[in-house]
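Peer 1: Below is the file entry07.tsv, which contains TSV, C-alpha atoms.
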```
chain	number	residue	atom	x	y	z
A	1	MET	CA	31.76	21.48	26.94
A	2	LYS	CA	28.55	20.70	28.85
A	3	GLN	CA	25.56	19.05	27.20
A	4	ILE	CA	22.10	18.81	28.76
A	5	ARG	CA	19.23	16.83	27.27
A	6	VAL	CA	15.71	18.25	27.46
A	7	GLU	CA	13.67	15.04	27.43
A	8	LEU	CA	10.35	15.60	25.66
A	9	GLY	CA	9.91	12.48	23.57
A	10	GLU	CA	9.95	13.31	19.87
A	11	ARG	CA	10.48	16.99	20.75
A	12	SER	CA	13.64	16.33	22.79
A	13	TYR	CA	16.71	18.45	22.13
A	14	ASP	CA	20.13	19.29	23.51
A	15	ILE	CA	21.43	22.36	25.29
A	16	VAL	CA	25.11	22.71	24.43
A	17	ILE	CA	27.26	25.04	26.56
A	18	ASP	CA	30.72	25.61	25.18
A	19	SER	CA	33.05	28.50	24.45
A	20	GLY	CA	33.05	29.01	20.69
A	21	VAL	CA	30.00	26.80	20.02
A	22	SER	CA	28.46	29.62	17.96
A	23	GLY	CA	31.21	29.10	15.40
A	24	THR	CA	30.11	25.51	14.81
A	25	LEU	CA	26.69	26.49	13.47
A	26	ASP	CA	26.18	26.04	9.75
A	27	ALA	CA	24.24	29.24	9.14
A	28	GLY	CA	25.15	29.79	5.52
A	29	GLY	CA	23.05	29.30	2.47
A	30	LYS	CA	19.42	29.17	1.53
A	31	GLY	CA	16.90	27.67	3.90
A	32	LYS	CA	18.02	29.49	7.05
A	33	LEU	CA	17.12	32.91	8.39
A	34	LEU	CA	19.22	34.44	11.17
A	35	VAL	CA	17.21	36.86	13.33
A	36	PHE	CA	18.89	39.51	15.48
A	37	ASP	CA	17.85	42.63	17.32
A	38	ASP	CA	19.65	45.71	16.02
A	39	ARG	CA	22.22	45.79	18.85
A	40	THR	CA	23.09	42.12	18.48
A	41	PHE	CA	23.23	42.50	14.71
A	42	GLU	CA	25.85	45.23	15.05
A	43	LEU	CA	27.92	43.15	17.47
A	44	PHE	CA	27.66	39.65	16.03
A	45	SER	CA	26.29	39.59	12.50
A	46	SER	CA	29.77	39.41	10.99
A	47	LYS	CA	30.42	36.13	12.86
A	48	PHE	CA	28.03	34.35	10.52
A	49	GLU	CA	29.02	34.00	6.88
A	50	THR	CA	25.81	34.16	4.93
A	51	ALA	CA	24.23	36.45	2.37
A	52	PRO	CA	22.47	39.57	3.68
A	53	GLU	CA	19.08	38.33	2.50
A	54	PHE	CA	19.35	35.50	5.03
A	55	LYS	CA	19.82	37.91	7.96
A	56	PHE	CA	17.11	40.04	9.53
A	57	SER	CA	17.16	42.49	12.43
A	58	PHE	CA	14.52	44.50	14.25
A	59	GLY	CA	14.54	46.99	17.13
A	60	HIS	CA	15.59	45.91	20.61
A	61	GLY	CA	13.77	45.65	23.92
A	62	GLU	CA	10.21	45.00	25.05
A	63	LYS	CA	8.90	47.99	23.07
A	64	ASP	CA	9.57	45.99	19.89
A	65	LYS	CA	8.09	42.73	21.15
A	66	THR	CA	4.91	43.21	19.13
A	67	CYS	CA	2.71	41.35	16.67
A	68	GLU	CA	3.78	43.75	13.94
A	69	LYS	CA	7.48	43.06	14.43
A	70	MET	CA	6.86	39.32	14.65
A	71	VAL	CA	5.03	39.44	11.30
A	72	SER	CA	8.03	41.29	9.86
A	73	ILE	CA	10.16	38.25	10.72
A	74	CYS	CA	7.74	36.04	8.80
A	75	ARG	CA	7.90	38.37	5.81
A	76	ALA	CA	11.69	38.25	5.93
A	77	ALA	CA	11.42	34.45	5.82
A	78	VAL	CA	9.29	34.73	2.67
A	79	ASN	CA	11.85	37.03	1.07
A	80	ALA	CA	14.63	34.61	2.02
A	81	GLY	CA	12.76	31.77	0.32
A	82	LEU	CA	12.22	29.61	3.41
A	83	ASN	CA	9.95	26.62	2.84
A	84	ARG	CA	8.71	24.02	5.32
A	85	SER	CA	12.17	22.49	5.58
A	86	GLY	CA	13.60	25.91	6.44
A	87	GLU	CA	14.94	27.01	9.78
A	88	MET	CA	15.07	30.22	11.80
A	89	ILE	CA	18.00	30.94	14.12
A	90	ALA	CA	17.48	33.36	17.00
A	91	VAL	CA	20.72	35.20	17.87
A	92	GLY	CA	20.09	37.50	20.80
A	93	GLY	CA	18.39	37.90	24.15
A	94	GLY	CA	15.00	36.85	25.44
A	95	VAL	CA	12.98	39.15	23.19
A	96	THR	CA	14.74	37.86	20.07
A	97	GLY	CA	14.25	34.26	21.14
A	98	ASP	CA	10.58	34.73	21.96
A	99	MET	CA	9.86	36.60	18.73
A	100	THR	CA	11.78	34.20	16.49
A	101	GLY	CA	10.26	31.15	18.15
A	102	PHE	CA	6.76	32.54	17.72
A	103	ALA	CA	7.43	33.42	14.07
A	104	ALA	CA	8.82	29.92	13.45
A	105	ALA	CA	5.77	28.37	15.12
A	106	ILE	CA	3.28	30.09	12.81
A	107	TYR	CA	5.26	30.50	9.58
A	108	LEU	CA	3.91	27.91	7.12
A	109	ARG	CA	2.13	26.42	10.17
A	110	GLY	CA	5.43	25.69	11.84
A	111	ILE	CA	9.10	25.32	10.91
A	112	LYS	CA	12.22	24.51	12.93
A	113	PHE	CA	14.27	27.01	14.86
A	114	ILE	CA	17.45	27.13	16.95
A	115	GLN	CA	18.08	29.28	20.01
A	116	MET	CA	21.48	30.97	20.25
A	117	PRO	CA	21.13	33.21	23.30
A	118	THR	CA	23.59	36.07	23.77
A	119	SER	CA	22.41	37.43	27.16
A	120	LEU	CA	22.76	35.67	30.50
A	121	LEU	CA	19.03	35.90	31.12
A	122	ALA	CA	18.27	34.14	27.84
A	123	MET	CA	21.00	31.54	28.41
A	124	VAL	CA	19.72	30.45	31.81
A	125	ASP	CA	15.98	30.83	31.28
A	126	SER	CA	14.06	32.04	28.23
A	127	SER	CA	15.91	30.02	25.57
A	128	VAL	CA	14.96	26.72	27.26
A	129	GLY	CA	11.45	25.31	27.34
A	130	GLY	CA	9.71	26.41	24.15
A	131	LYS	CA	7.72	29.40	25.43
A	132	THR	CA	7.26	31.99	22.68
A	133	ALA	CA	5.19	35.16	22.81
A	134	VAL	CA	4.69	38.81	22.03
A	135	ASP	CA	3.33	41.57	24.26
A	136	LEU	CA	0.11	43.56	24.07
A	137	PRO	CA	-0.38	47.06	25.51
A	138	GLU	CA	-2.48	45.34	28.19
A	139	GLY	CA	0.38	43.14	29.40
A	140	LYS	CA	3.42	40.96	28.72
A	141	ASN	CA	3.39	37.73	26.72
A	142	LEU	CA	-0.36	37.65	26.24
A	143	ILE	CA	-0.14	36.12	22.74
A	144	GLY	CA	2.06	33.10	22.18
A	145	VAL	CA	2.45	29.36	21.72
A	146	PHE	CA	4.69	26.56	22.91
A	147	HIS	CA	7.19	25.68	20.18
A	148	GLN	CA	10.31	23.79	21.20
A	149	PRO	CA	13.63	24.62	19.51
A	150	GLN	CA	15.73	22.04	17.71
A	151	ALA	CA	18.69	22.95	19.91
A	152	VAL	CA	19.96	25.61	22.30
A	153	LEU	CA	23.57	26.61	21.62
A	154	ILE	CA	25.07	28.62	24.49
A	155	ASP	CA	28.40	30.34	23.92
A	156	PRO	CA	29.55	32.09	27.14
A	157	ASP	CA	31.94	34.19	25.03
A	158	PHE	CA	28.95	36.32	24.03
A	159	LEU	CA	28.81	37.61	27.59
A	160	GLN	CA	32.05	39.54	27.15
A	161	THR	CA	30.11	42.28	25.34
A	162	LEU	CA	27.14	42.22	27.73
A	163	PRO	CA	26.47	45.49	29.58
A	164	GLU	CA	26.84	45.15	33.34
A	165	ARG	CA	23.16	45.88	33.92
A	166	GLU	CA	22.18	43.00	31.62
A	167	LEU	CA	24.52	40.65	33.48
A	168	HIS	CA	22.77	41.60	36.71
A	169	CYS	CA	19.38	40.93	35.11
A	170	GLY	CA	20.45	37.43	34.15
A	171	MET	CA	21.50	36.77	37.72
A	172	ALA	CA	17.91	37.40	38.83
A	173	GLU	CA	16.80	34.30	36.93
A	174	VAL	CA	19.77	32.31	38.22
A	175	ILE	CA	18.92	33.23	41.81
A	176	LYS	CA	15.27	32.43	41.13
A	177	MET	CA	16.18	28.90	40.04
A	178	ALA	CA	18.47	28.38	43.04
A	179	ALA	CA	16.08	29.83	45.62
A	180	GLY	CA	13.18	27.92	44.14
A	181	PHE	CA	14.63	24.54	43.30
A	182	ASP	CA	18.13	23.89	44.70
A	183	GLU	CA	19.33	25.07	48.11
A	184	GLU	CA	22.82	23.68	47.47
A	185	PHE	CA	23.09	25.79	44.31
A	186	PHE	CA	21.88	28.81	46.31
A	187	SER	CA	24.70	28.24	48.81
A	188	PHE	CA	27.18	27.99	45.91
A	189	LEU	CA	26.00	31.39	44.66
A	190	GLU	CA	26.36	32.86	48.16
A	191	LYS	CA	29.92	31.51	48.32
A	192	HIS	CA	30.74	33.17	44.99
A	193	ALA	CA	28.63	36.29	45.52
A	194	ALA	CA	31.58	38.60	44.82
A	195	ASP	CA	31.87	37.09	41.32
A	196	LEU	CA	28.26	37.53	40.26
A	197	ALA	CA	28.15	41.21	39.35
A	198	GLN	CA	30.92	41.61	36.77
A	199	TYR	CA	31.97	39.45	33.87
A	200	LYS	CA	35.72	39.51	34.59
A	201	THR	CA	35.22	37.40	37.70
A	202	PHE	CA	31.90	35.78	36.69
A	203	SER	CA	33.62	34.09	33.73
A	204	ALA	CA	35.40	31.68	36.07
A	205	ILE	CA	32.09	30.19	37.24
A	206	ALA	CA	29.99	30.94	34.15
A	207	GLU	CA	29.71	27.37	32.87
A	208	THR	CA	28.71	26.06	36.31
A	209	VAL	CA	26.14	28.80	36.85
A	210	ILE	CA	24.64	28.51	33.36
A	211	GLY	CA	24.81	24.71	33.35
A	212	ARG	CA	23.09	24.18	36.69
A	213	SER	CA	20.39	26.74	35.86
A	214	CYS	CA	19.68	24.95	32.57
A	215	GLU	CA	19.62	21.53	34.27
A	216	LEU	CA	17.00	22.76	36.73
A	217	LYS	CA	14.93	24.38	33.98
A	218	ALA	CA	15.16	21.28	31.77
A	219	ASP	CA	13.94	19.06	34.61
A	220	VAL	CA	10.91	21.28	35.22
A	221	VAL	CA	10.08	21.40	31.50
A	222	ARG	CA	10.40	17.60	31.28
A	223	GLN	CA	7.82	17.22	34.04
A	224	ASP	CA	5.39	19.82	32.71
A	225	GLU	CA	6.06	20.98	29.16
A	226	LYS	CA	3.08	23.30	28.70
A	227	GLU	CA	2.40	24.62	32.21
A	228	SER	CA	-0.61	22.45	32.86
A	229	VAL	CA	-3.15	23.29	35.54
A	230	SER	CA	-1.53	22.60	38.94
A	231	GLY	CA	1.67	21.60	37.14
A	232	VAL	CA	5.18	22.22	38.36
A	233	ARG	CA	6.10	24.57	35.52
A	234	GLU	CA	4.09	27.47	36.89
A	235	LEU	CA	6.56	27.53	39.80
A	236	LEU	CA	9.09	28.99	37.35
A	237	ASN	CA	7.05	32.19	37.63
A	238	PHE	CA	8.43	32.87	41.12
A	239	GLY	CA	8.83	36.65	41.23
A	240	HIS	CA	6.86	37.19	38.02
A	241	THR	CA	3.34	37.86	39.31
A	242	PHE	CA	4.32	41.19	40.82
A	243	GLY	CA	7.38	41.49	38.55
A	244	HIS	CA	5.52	41.54	35.23
A	245	ALA	CA	3.13	44.19	36.54
A	246	ILE	CA	6.02	46.37	37.73
A	247	GLU	CA	7.82	45.93	34.41
A	248	THR	CA	4.77	47.02	32.41
A	249	LEU	CA	3.96	49.97	34.68
A	250	SER	CA	7.55	51.19	34.53
A	251	GLY	CA	7.12	51.55	30.78
A	252	PHE	CA	9.90	48.92	30.53
A	253	SER	CA	12.41	51.40	31.96
A	254	LEU	CA	13.07	48.64	34.47
A	255	LEU	CA	14.43	45.49	32.85
A	256	HIS	CA	12.84	42.08	33.21
A	257	GLY	CA	15.43	40.68	35.60
A	258	GLU	CA	15.25	43.75	37.81
A	259	CYS	CA	11.48	43.35	38.09
A	260	VAL	CA	11.77	39.62	38.81
A	261	ALA	CA	14.19	40.41	41.65
A	262	ILE	CA	11.73	42.89	43.15
A	263	GLY	CA	8.90	40.41	42.63
A	264	MET	CA	10.81	37.65	44.42
A	265	VAL	CA	11.29	39.85	47.47
A	266	ILE	CA	7.58	40.77	47.51
A	267	ALA	CA	6.68	37.07	47.15
A	268	GLY	CA	8.95	36.40	50.12
A	269	ARG	CA	7.02	38.99	52.11
A	270	ALA	CA	3.79	37.25	51.09
A	271	ALA	CA	5.20	33.98	52.42
A	272	LEU	CA	6.22	35.70	55.66
A	273	SER	CA	2.69	37.03	56.07
A	274	ARG	CA	1.44	33.44	56.12
A	275	ASN	CA	4.30	32.17	58.33
A	276	LEU	CA	5.41	29.86	55.51
A	277	TRP	CA	8.95	31.22	55.12
A	278	SER	CA	11.61	32.28	57.59
A	279	ALA	CA	12.90	35.79	58.11
A	280	GLU	CA	16.43	34.39	57.88
A	281	ALA	CA	15.81	32.89	54.44
A	282	GLN	CA	14.28	36.19	53.29
A	283	LYS	CA	17.35	38.04	54.53
A	284	ARG	CA	19.66	35.65	52.66
A	285	MET	CA	17.71	36.02	49.43
A	286	ILE	CA	17.69	39.83	49.63
A	287	SER	CA	21.40	39.88	50.40
A	288	LEU	CA	22.27	37.70	47.41
A	289	LEU	CA	20.11	39.76	45.06
A	290	GLU	CA	21.76	42.98	46.23
A	291	LYS	CA	25.25	41.51	45.86
A	292	ALA	CA	24.33	40.58	42.29
A	293	GLY	CA	23.57	44.25	41.63
A	294	LEU	CA	19.77	43.98	41.61
A	295	PRO	CA	17.04	46.20	43.08
A	296	VAL	CA	14.86	44.73	45.83
A	297	ASN	CA	12.15	47.39	46.31
A	298	PRO	CA	9.50	48.62	43.85
A	299	PRO	CA	9.54	52.17	42.48
A	300	THR	CA	7.65	54.64	44.65
A	301	ASP	CA	5.66	56.02	41.72
A	302	ILE	CA	3.80	52.75	41.03
A	303	THR	CA	0.50	52.32	42.84
A	304	PHE	CA	-0.90	49.10	44.19
A	305	ASP	CA	-4.23	49.63	42.39
A	306	ASP	CA	-2.44	49.67	39.04
A	307	VAL	CA	-0.38	46.61	39.99
A	308	LEU	CA	-3.52	44.73	41.05
A	309	GLN	CA	-5.26	45.49	37.76
A	310	LEU	CA	-2.39	43.94	35.80
A	311	MET	CA	-2.04	40.99	38.18
A	312	ARG	CA	-5.68	40.11	37.48
A	313	ARG	CA	-4.68	39.42	33.85
A	314	ASP	CA	-1.89	37.02	34.82
A	315	LYS	CA	-1.94	33.77	32.83
A	316	LYS	CA	-1.54	31.64	35.97
A	317	ASN	CA	-4.82	32.83	37.50
A	318	ARG	CA	-7.64	30.33	37.90
A	319	ASP	CA	-11.34	31.16	38.41
A	320	GLY	CA	-10.56	34.80	39.02
A	321	ARG	CA	-8.07	34.04	41.79
A	322	ILE	CA	-4.60	35.58	41.55
A	323	ALA	CA	-1.81	33.00	41.74
A	324	VAL	CA	1.21	34.01	43.79
A	325	ILE	CA	4.27	31.73	43.74
A	326	ILE	CA	5.87	31.89	47.18
A	327	PRO	CA	8.89	30.22	48.79
A	328	GLU	CA	8.39	27.77	51.67
A	329	LYS	CA	12.11	27.26	52.18
A	330	LEU	CA	15.20	27.62	50.05
A	331	GLY	CA	14.77	25.09	47.26
A	332	LYS	CA	10.99	24.72	47.59
A	333	LEU	CA	8.12	26.80	46.18
A	334	THR	CA	4.35	26.59	46.34
A	335	VAL	CA	1.36	28.38	44.79
A	336	ILE	CA	-1.13	30.33	46.89
A	337	ARG	CA	-4.41	31.36	45.25
A	338	ASP	CA	-6.43	32.68	48.18
A	339	PHE	CA	-4.69	35.96	48.97
A	340	THR	CA	-7.32	38.66	49.32
A	341	ASP	CA	-6.88	42.07	47.75
A	342	ILE	CA	-6.46	43.55	51.22
A	343	GLU	CA	-3.70	41.04	52.03
A	344	LEU	CA	-1.91	41.77	48.77
A	345	GLN	CA	-2.13	45.50	49.42
A	346	LYS	CA	-0.60	45.10	52.88
A	347	ILE	CA	2.18	42.97	51.40
A	348	TRP	CA	2.85	45.64	48.74
A	349	GLU	CA	2.85	48.46	51.28
A	350	SER	CA	5.28	46.57	53.53
A	351	ALA	CA	7.95	47.20	50.89
A	352	TYR	CA	7.99	50.86	51.89
A	353	GLU	CA	8.12	50.36	55.65
```
Written as structure tokens, how would this file's structure read?
Peer 2:
Amino acid sequence: MKQIRVELGERSYDIVIDSGVSGTLDAGGKGKLLVFDDRTFELFSSKFETAPEFKFSFGHGEKDKTCEKMVSICRAAVNAGLNRSGEMIAVGGGVTGDMTGFAAAIYLRGIKFIQMPTSLLAMVDSSVGGKTAVDLPEGKNLIGVFHQPQAVLIDPDFLQTLPERELHCGMAEVIKMAAGFDEEFFSFLEKHAADLAQYKTFSAIAETVIGRSCELKADVVRQDEKESVSGVRELLNFGHTFGHAIETLSGFSLLHGECVAIGMVIAGRAALSRNLWSAEAQKRMISLLEKAGLPVNPPTDITFDDVLQLMRRDKKNRDGRIAVIIPEKLGKLTVIRDFTDIELQKIWESAYE
């Protein structure tokens, strides 16, 4: 078992990583609502012994990450009789965690919730840090609040049912954390690159990979809980400025981790254009992403003009200037806010050269 403390004063909580930890959760009885997406419900609902009225599921994927579906979680809480001492438990991937956390934050002006992530991406990233949100047609995560969980319970056994593509998506966030914050961890991933793309071999290093990713995320959140202006937390968006735009424009046919991988490579090209990053480091990052089964180039049917329009709505922007998180070296990131539109277009077009 590995236990990591997220130090946030009175909002502090533990991340517990242990095979079988999901079986230790007391999810039965009144006062708790378990929230699943429909796929996770089919796979895991029977693991939790509680009456049907204390379980709720909704559709899966970004298409269901809406205000309407989030309100349906709140209505399920009413029907389950949850009061202010009640608790929601998110069992699923990043969408489930975001939706449940947001619902818990606004239901009765705020109740407790627990994160129980079932995807690698949620285990290493979205379940930690208290970000909750829903999407709008105009872009991802445009409505949300910070609402820290009471605990994050990570059971690597859930990964045994994870589709290969979802495993790859989770690795995008792992590589992001390593490339951005820990060169030694990046080297570890390179050493074990053959194990990253399939669960049968990944399982041998799962606790190390998940644990180190969570340690890095917890340290960033401790320093900057709510992504303050010029705070360190915005660095966690490495790969997301371009990535979120690509994800939206693909109609979510590309998954979040795939878009983050593409966005990281484009951010690396942006760094190269300013001579702030070495060609060798870029080559290493691309190689590791490819070995983890991830795409590294944007789709050819997405235009820069459309990407730029969405990037202008990015939450990290200040005074109309687009924020691009770029790598300076493995283990170190910085924010550049003075890229011109022409520069960004050249960087985008370089992906097709």
Peer 1: Name the residues, using the chain letters and numbers of the file, that sit within 12 Å of (13.6, 36.6, 15.6) when counting all atoms listed in the file, and give them as a PDB file with C-alpha atoms, keeping the file's coordinate frame.
Peer 2:
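Saved to out_32.pdb:
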```
ATOM      1  CA  LYS A  32      18.020  29.490   7.050  1.00  0.00           C
ATOM      2  CA  LEU A  33      17.120  32.910   8.390  1.00  0.00           C
ATOM      3  CA  LEU A  34      19.220  34.440  11.170  1.00  0.00           C
ATOM      4  CA  VAL A  35      17.210  36.860  13.330  1.00  0.00           C
ATOM      5  CA  PHE A  36      18.890  39.510  15.480  1.00  0.00           C
ATOM      6  CA  ASP A  37      17.850  42.630  17.320  1.00  0.00           C
ATOM      7  CA  ASP A  38      19.650  45.710  16.020  1.00  0.00           C
ATOM      8  CA  THR A  40      23.090  42.120  18.480  1.00  0.00           C
ATOM      9  CA  PHE A  41      23.230  42.500  14.710  1.00  0.00           C
ATOM     10  CA  LYS A  55      19.820  37.910   7.960  1.00  0.00           C
ATOM     11  CA  PHE A  56      17.110  40.040   9.530  1.00  0.00           C
ATOM     12  CA  SER A  57      17.160  42.490  12.430  1.00  0.00           C
ATOM     13  CA  PHE A  58      14.520  44.500  14.250  1.00  0.00           C
ATOM     14  CA  GLY A  59      14.540  46.990  17.130  1.00  0.00           C
ATOM     15  CA  HIS A  60      15.590  45.910  20.610  1.00  0.00           C
ATOM     16  CA  ASP A  64       9.570  45.990  19.890  1.00  0.00           C
ATOM     17  CA  LYS A  65       8.090  42.730  21.150  1.00  0.00           C
ATOM     18  CA  THR A  66       4.910  43.210  19.130  1.00  0.00           C
ATOM     19  CA  CYS A  67       2.710  41.350  16.670  1.00  0.00           C
ATOM     20  CA  LYS A  69       7.480  43.060  14.430  1.00  0.00           C
ATOM     21  CA  MET A  70       6.860  39.320  14.650  1.00  0.00           C
ATOM     22  CA  VAL A  71       5.030  39.440  11.300  1.00  0.00           C
ATOM     23  CA  SER A  72       8.030  41.290   9.860  1.00  0.00           C
ATOM     24  CA  ILE A  73      10.160  38.250  10.720  1.00  0.00           C
ATOM     25  CA  CYS A  74       7.740  36.040   8.800  1.00  0.00           C
ATOM     26  CA  ARG A  75       7.900  38.370   5.810  1.00  0.00           C
ATOM     27  CA  ALA A  76      11.690  38.250   5.930  1.00  0.00           C
ATOM     28  CA  ALA A  77      11.420  34.450   5.820  1.00  0.00           C
ATOM     29  CA  GLU A  87      14.940  27.010   9.780  1.00  0.00           C
ATOM     30  CA  MET A  88      15.070  30.220  11.800  1.00  0.00           C
ATOM     31  CA  ILE A  89      18.000  30.940  14.120  1.00  0.00           C
ATOM     32  CA  ALA A  90      17.480  33.360  17.000  1.00  0.00           C
ATOM     33  CA  VAL A  91      20.720  35.200  17.870  1.00  0.00           C
ATOM     34  CA  GLY A  92      20.090  37.500  20.800  1.00  0.00           C
ATOM     35  CA  GLY A  93      18.390  37.900  24.150  1.00  0.00           C
ATOM     36  CA  GLY A  94      15.000  36.850  25.440  1.00  0.00           C
ATOM     37  CA  VAL A  95      12.980  39.150  23.190  1.00  0.00           C
ATOM     38  CA  THR A  96      14.740  37.860  20.070  1.00  0.00           C
ATOM     39  CA  GLY A  97      14.250  34.260  21.140  1.00  0.00           C
ATOM     40  CA  ASP A  98      10.580  34.730  21.960  1.00  0.00           C
ATOM     41  CA  MET A  99       9.860  36.600  18.730  1.00  0.00           C
ATOM     42  CA  THR A 100      11.780  34.200  16.490  1.00  0.00           C
ATOM     43  CA  GLY A 101      10.260  31.150  18.150  1.00  0.00           C
ATOM     44  CA  PHE A 102       6.760  32.540  17.720  1.00  0.00           C
ATOM     45  CA  ALA A 103       7.430  33.420  14.070  1.00  0.00           C
ATOM     46  CA  ALA A 104       8.820  29.920  13.450  1.00  0.00           C
ATOM     47  CA  ALA A 105       5.770  28.370  15.120  1.00  0.00           C
ATOM     48  CA  TYR A 107       5.260  30.500   9.580  1.00  0.00           C
ATOM     49  CA  PHE A 113      14.270  27.010  14.860  1.00  0.00           C
ATOM     50  CA  ILE A 114      17.450  27.130  16.950  1.00  0.00           C
ATOM     51  CA  GLN A 115      18.080  29.280  20.010  1.00  0.00           C
ATOM     52  CA  MET A 116      21.480  30.970  20.250  1.00  0.00           C
ATOM     53  CA  PRO A 117      21.130  33.210  23.300  1.00  0.00           C
ATOM     54  CA  THR A 132       7.260  31.990  22.680  1.00  0.00           C
ATOM     55  CA  ALA A 133       5.190  35.160  22.810  1.00  0.00           C
ATOM     56  CA  VAL A 134       4.690  38.810  22.030  1.00  0.00           C
TER      57      VAL A 134
END
```
Peer 1: Atom CA of A:Phe238 and atom CA of A:Met177, how far apart in Å?
Peer 2: 8.8 Å
Peer 1: Every residue with an atom at most 10 Å from (30.1, 36.3, 23.4) (file coordinates; all atoms listed in the file) is what I'm after, so could you write them as a PyMOL selection string?
Peer 2: chain A and resi 19-20+22+43-44+117-119+154-162
Peer 1: Print the selection's residues with C-alpha atoms to a file, as a short mmCIF file (atom, residue, chain, number, x, y, z; two decimals), in the coordinates of the input.
Peer 2:
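Output below, filename out-v2.cif:
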```cif
data_model
loop_
_atom_site.label_atom_id
_atom_site.label_comp_id
_atom_site.auth_asym_id
_atom_site.auth_seq_id
_atom_site.Cartn_x
_atom_site.Cartn_y
_atom_site.Cartn_z
CA SER A 19 33.05 28.50 24.45
CA GLY A 20 33.05 29.01 20.69
CA SER A 22 28.46 29.62 17.96
CA LEU A 43 27.92 43.15 17.47
CA PHE A 44 27.66 39.65 16.03
CA PRO A 117 21.13 33.21 23.30
CA THR A 118 23.59 36.07 23.77
CA SER A 119 22.41 37.43 27.16
CA ILE A 154 25.07 28.62 24.49
CA ASP A 155 28.40 30.34 23.92
CA PRO A 156 29.55 32.09 27.14
CA ASP A 157 31.94 34.19 25.03
CA PHE A 158 28.95 36.32 24.03
CA LEU A 159 28.81 37.61 27.59
CA GLN A 160 32.05 39.54 27.15
CA THR A 161 30.11 42.28 25.34
CA LEU A 162 27.14 42.22 27.73
#
```
Peer 1: To one decimal in Å, tell me the separation between atom CA of A:Ala281 and atom CA of A:Val265.
Peer 2: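 About the pair atom CA of A:Ala281 and atom CA of A:Val265: they are 10.8 Å apart.
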Peer 1: My list of candidates is A:Arg274, A:Arg312, A:Lys131, A:His147. Which is closest to A:Arg109 when distances are computed with only C-alpha atoms?
Peer 2: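 Result for the nearest residue to A:Arg109: A:His147.
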Peer 1: Can you work out the spacing between atom CA of A:Ile262 and atom CA of A:Leu310 in Å, to one decimal?
Peer 2: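 Straight-line distance from atom CA of A:Ile262 to atom CA of A:Leu310 works out to 16.0 Å.
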Peer 1: Extract, using only C-alpha atoms, all DNA, RNA and protein residues at most 7 Å from A:Val174, discarding same-chain residues fewer than 4 positions from it, and format them as a PyMOL selection string.
Peer 2: chain A and resi 124+170+178+213
Peer 1: Given only C-alpha atoms as the basis, pick out the residue of A:Ile111, A:Leu167, A:Ala351, A:Leu121 nearest to A:Ser85.
Peer 2: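 Between A:Ile111, A:Leu167, A:Ala351, A:Leu121, the residue approaching A:Ser85 most closely is A:Ile111.
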Peer 1: Check which residues of stretch 122-221 of chain A sit at most 12 Å from stretch 322-345 of chain A using only C-alpha atoms, and return one row each with the closest pair of atoms and their distance in Å to one decimal, ordered by chain and rising number, as a Markdown table.
Peer 2:
```
| residue | atom | partner | partner_atom | distance |
| --- | --- | --- | --- | --- |
| A:Ile175 | CA | A:Gly331 | CA | 10.6 |
| A:Lys176 | CA | A:Gly331 | CA | 9.6 |
| A:Met177 | CA | A:Gly331 | CA | 8.3 |
| A:Ala178 | CA | A:Gly331 | CA | 6.5 |
| A:Ala179 | CA | A:Leu330 | CA | 5.0 |
| A:Gly180 | CA | A:Gly331 | CA | 4.5 |
| A:Phe181 | CA | A:Gly331 | CA | 4.0 |
| A:Asp182 | CA | A:Gly331 | CA | 4.4 |
| A:Glu183 | CA | A:Gly331 | CA | 4.6 |
| A:Glu184 | CA | A:Gly331 | CA | 8.2 |
| A:Phe185 | CA | A:Gly331 | CA | 8.9 |
| A:Phe186 | CA | A:Leu330 | CA | 7.7 |
| A:Ser187 | CA | A:Leu330 | CA | 9.6 |
| A:Leu216 | CA | A:Gly331 | CA | 11.0 |
```
Peer 1: Restricting the calculation to only C-alpha atoms: of A:Gly320, A:Gly268, A:Gly61, A:Pro298, which residue gets closest to A:Ser250?
Peer 2: A:Pro298
Peer 1: Tell me which of A:Ile347, A:Val232, A:Met123, A:Ile210 sits closest to A:Ser273, counting only C-alpha atoms.
Peer 2: A:Ile347
Peer 1: Taking into account only C-alpha atoms, which residue in the set A:Ala172, A:Ile106, A:Val152, A:Val128 is nearest to A:Val21?
Peer 2: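 Checking each candidate against A:Val21, we get A:Val152 as the closest.
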